[in-house]
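Comments concern the structure below.
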Amino acid sequence: MSSHESGGVVDINQFRQGKTALISQPAESIKTEPLPNNRIELGDLTGSYCEMGEGDPIVFLHGAFTHSYTWRNIMPELAKFGRCIAPDFLGMGDADALVRSGPDSYHYREQCDYLDELLKALDVTENVTL
């Protein structure tokens, strides 16, 4: 039975062996609603993140020009394994934008410093899966 007929995801080994050509998620399980959003004061900026689950932290980072919404279908599935946290980077999602935006801002170092400060404020300091 293919994954399409069964309505689920096929085993990766079956896919590699050419026994199935379809890996999908049933359409009815794809979420379009955003995850609950939290805000946190970080000095002069307000950070934004989604969080669910308990236990050791699992941190989900989005790419450039996206935000924590990217993880809306993944986090609920992994929340049973730990504390899932998806921060919004500066100027993306619901996180504050920098006051001095322009060609000399939003560099990697600024985003790393912001992420470090946000994770420390959330007491995410050990046993972190990133």
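As shown in the structure tokens, the chain order sets the letters A, B, ...; within each chain, residues go from 1, and ligands are also counted from 1 in the order they appear.
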From a DSSP calculation on the backbone, collect every residue of range 40-105 of chain A in strand (DSSP E) and output the set as a list of chain:residue names.
A:Ile40, A:Glu41, A:Leu42, A:Leu45, A:Thr46, A:Gly47, A:Ser48, A:Tyr49, A:Cys50, A:Glu51, A:Met52, A:Pro57, A:Ile58, A:Val59, A:Arg83, A:Cys84, A:Ile85, A:Ala86, A:Pro87, A:Asp88
Enumerate the residues of range 19-118 of chain A with a DSSP assignment of alpha helix (DSSP H), computed from the backbone, and present them as an NGL selection string.
:A and (75-78 or 108-118)
Generate the output file for the selected residues, N, CA, C and O atoms, as a PDB file, in the first residue's frame.
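Done, and the output landed in again.pdb:
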ATOM      1  N   MET A  75       6.378  21.077  15.358  1.00  0.00           N
ATOM      2  CA  MET A  75       6.446  21.201  16.813  1.00  0.00           C
ATOM      3  C   MET A  75       5.387  20.382  17.553  1.00  0.00           C
ATOM      4  O   MET A  75       5.722  19.710  18.525  1.00  0.00           O
ATOM      5  N   PRO A  76       4.132  20.400  17.140  1.00  0.00           N
ATOM      6  CA  PRO A  76       3.141  19.610  17.881  1.00  0.00           C
ATOM      7  C   PRO A  76       3.474  18.115  17.888  1.00  0.00           C
ATOM      8  O   PRO A  76       3.183  17.422  18.866  1.00  0.00           O
ATOM      9  N   GLU A  77       4.108  17.634  16.831  1.00  0.00           N
ATOM     10  CA  GLU A  77       4.471  16.217  16.771  1.00  0.00           C
ATOM     11  C   GLU A  77       5.637  15.887  17.698  1.00  0.00           C
ATOM     12  O   GLU A  77       5.741  14.770  18.203  1.00  0.00           O
ATOM     13  N   LEU A  78       6.541  16.844  17.915  1.00  0.00           N
ATOM     14  CA  LEU A  78       7.728  16.588  18.734  1.00  0.00           C
ATOM     15  C   LEU A  78       7.587  17.060  20.175  1.00  0.00           C
ATOM     16  O   LEU A  78       8.465  16.787  20.998  1.00  0.00           O
ATOM     17  N   TYR A 108      24.595  38.379  10.864  1.00  0.00           N
ATOM     18  CA  TYR A 108      24.630  37.098  11.583  1.00  0.00           C
ATOM     19  C   TYR A 108      24.952  37.307  13.063  1.00  0.00           C
ATOM     20  O   TYR A 108      24.312  36.728  13.931  1.00  0.00           O
ATOM     21  N   ARG A 109      25.942  38.135  13.361  1.00  0.00           N
ATOM     22  CA  ARG A 109      26.359  38.362  14.755  1.00  0.00           C
ATOM     23  C   ARG A 109      25.217  38.951  15.580  1.00  0.00           C
ATOM     24  O   ARG A 109      24.995  38.545  16.709  1.00  0.00           O
ATOM     25  N   GLU A 110      24.474  39.900  15.024  1.00  0.00           N
ATOM     26  CA  GLU A 110      23.340  40.498  15.747  1.00  0.00           C
ATOM     27  C   GLU A 110      22.270  39.450  16.042  1.00  0.00           C
ATOM     28  O   GLU A 110      21.719  39.402  17.142  1.00  0.00           O
ATOM     29  N   GLN A 111      21.981  38.608  15.065  1.00  0.00           N
ATOM     30  CA  GLN A 111      20.965  37.566  15.258  1.00  0.00           C
ATOM     31  C   GLN A 111      21.442  36.548  16.295  1.00  0.00           C
ATOM     32  O   GLN A 111      20.649  36.088  17.122  1.00  0.00           O
ATOM     33  N   CYS A 112      22.732  36.191  16.263  1.00  0.00           N
ATOM     34  CA  CYS A 112      23.277  35.240  17.248  1.00  0.00           C
ATOM     35  C   CYS A 112      23.215  35.810  18.656  1.00  0.00           C
ATOM     36  O   CYS A 112      22.851  35.100  19.607  1.00  0.00           O
ATOM     37  N   ASP A 113      23.586  37.068  18.813  1.00  0.00           N
ATOM     38  CA  ASP A 113      23.528  37.705  20.135  1.00  0.00           C
ATOM     39  C   ASP A 113      22.094  37.741  20.654  1.00  0.00           C
ATOM     40  O   ASP A 113      21.829  37.469  21.823  1.00  0.00           O
ATOM     41  N   TYR A 114      21.163  38.090  19.774  1.00  0.00           N
ATOM     42  CA  TYR A 114      19.743  38.120  20.140  1.00  0.00           C
ATOM     43  C   TYR A 114      19.263  36.722  20.550  1.00  0.00           C
ATOM     44  O   TYR A 114      18.618  36.553  21.584  1.00  0.00           O
ATOM     45  N   LEU A 115      19.590  35.716  19.756  1.00  0.00           N
ATOM     46  CA  LEU A 115      19.176  34.348  20.061  1.00  0.00           C
ATOM     47  C   LEU A 115      19.762  33.892  21.388  1.00  0.00           C
ATOM     48  O   LEU A 115      19.072  33.281  22.209  1.00  0.00           O
ATOM     49  N   ASP A 116      21.025  34.194  21.626  1.00  0.00           N
ATOM     50  CA  ASP A 116      21.676  33.822  22.880  1.00  0.00           C
ATOM     51  C   ASP A 116      20.965  34.462  24.065  1.00  0.00           C
ATOM     52  O   ASP A 116      20.676  33.802  25.070  1.00  0.00           O
ATOM     53  N   GLU A 117      20.638  35.741  23.950  1.00  0.00           N
ATOM     54  CA  GLU A 117      19.937  36.458  25.023  1.00  0.00           C
ATOM     55  C   GLU A 117      18.535  35.880  25.246  1.00  0.00           C
ATOM     56  O   GLU A 117      18.107  35.677  26.385  1.00  0.00           O
ATOM     57  N   LEU A 118      17.826  35.591  24.180  1.00  0.00           N
ATOM     58  CA  LEU A 118      16.478  35.036  24.287  1.00  0.00           C
ATOM     59  C   LEU A 118      16.514  33.658  24.964  1.00  0.00           C
ATOM     60  O   LEU A 118      15.739  33.396  25.880  1.00  0.00           O
TER      61      LEU A 118
END
Nearest to Ile85 in chain A: which of A:Thr46, A:Glu41, A:Arg72, A:Leu98 is it, counting only C-alpha atoms?
A:Arg72
Find, counting only C-alpha atoms, the residue in A:Leu35, A:Ile40, A:Ala97, A:Leu45 that gets nearest to Cys84 in chain A.
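Among A:Leu35, A:Ile40, A:Ala97, A:Leu45, it is A:Leu35 that comes nearest to Cys84 in chain A.
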Residues near Gly63 in chain A, cut-off 12 Å, only C-alpha atoms, skip fewer than 2 positions along chain, as a short mmCIF file (atom, residue, chain, number, x, y, z; two decimals) with N, CA and C atoms, in the first residue's frame:
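And here's out-v2.cif as it stands now:
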data_model
loop_
_atom_site.label_atom_id
_atom_site.label_comp_id
_atom_site.auth_asym_id
_atom_site.auth_seq_id
_atom_site.Cartn_x
_atom_site.Cartn_y
_atom_site.Cartn_z
N PHE A 60 13.95 25.18 17.43
CA PHE A 60 13.71 25.19 15.98
C PHE A 60 14.03 26.58 15.44
N LEU A 61 14.98 26.67 14.52
CA LEU A 61 15.37 27.95 13.94
C LEU A 61 14.87 28.03 12.50
N PHE A 65 14.00 35.50 6.20
CA PHE A 65 12.74 36.02 5.66
C PHE A 65 11.54 35.11 5.93
N THR A 66 11.63 34.29 6.96
CA THR A 66 10.49 33.49 7.41
C THR A 66 10.35 33.73 8.91
N HIS A 67 9.59 32.88 9.59
CA HIS A 67 9.46 33.03 11.04
C HIS A 67 9.01 31.71 11.65
N SER A 68 8.67 31.72 12.92
CA SER A 68 8.35 30.49 13.66
C SER A 68 7.16 29.74 13.07
N TYR A 69 6.34 30.39 12.29
CA TYR A 69 5.20 29.74 11.64
C TYR A 69 5.66 28.54 10.80
N THR A 70 6.89 28.59 10.34
CA THR A 70 7.48 27.51 9.55
C THR A 70 7.34 26.16 10.26
N TRP A 71 7.38 26.16 11.58
CA TRP A 71 7.41 24.93 12.37
C TRP A 71 6.04 24.49 12.88
N ALA A 86 10.44 27.75 19.25
CA ALA A 86 10.75 28.31 17.93
C ALA A 86 10.78 29.83 18.04
N PRO A 87 11.96 30.41 18.15
CA PRO A 87 12.04 31.88 18.22
C PRO A 87 11.90 32.52 16.84
N ASP A 88 11.43 33.76 16.85
CA ASP A 88 11.46 34.59 15.64
C ASP A 88 12.74 35.41 15.71
N PHE A 89 13.51 35.43 14.64
CA PHE A 89 14.70 36.28 14.61
C PHE A 89 14.30 37.75 14.53
N LEU A 90 15.23 38.63 14.87
CA LEU A 90 14.98 40.06 14.83
C LEU A 90 14.45 40.50 13.47
N MET A 92 11.74 39.66 12.06
CA MET A 92 10.97 38.62 11.39
C MET A 92 9.87 38.13 12.32
N GLY A 93 8.77 37.68 11.77
CA GLY A 93 7.66 37.24 12.61
C GLY A 93 7.19 38.36 13.50
N TYR A 108 24.59 38.38 10.86
CA TYR A 108 24.63 37.10 11.58
C TYR A 108 24.95 37.31 13.06
N GLN A 111 21.98 38.61 15.07
CA GLN A 111 20.96 37.57 15.26
C GLN A 111 21.44 36.55 16.29
#
Separation of CA of His107 in chain A from CA of Thr129 in chain A in Å
23.7 Å
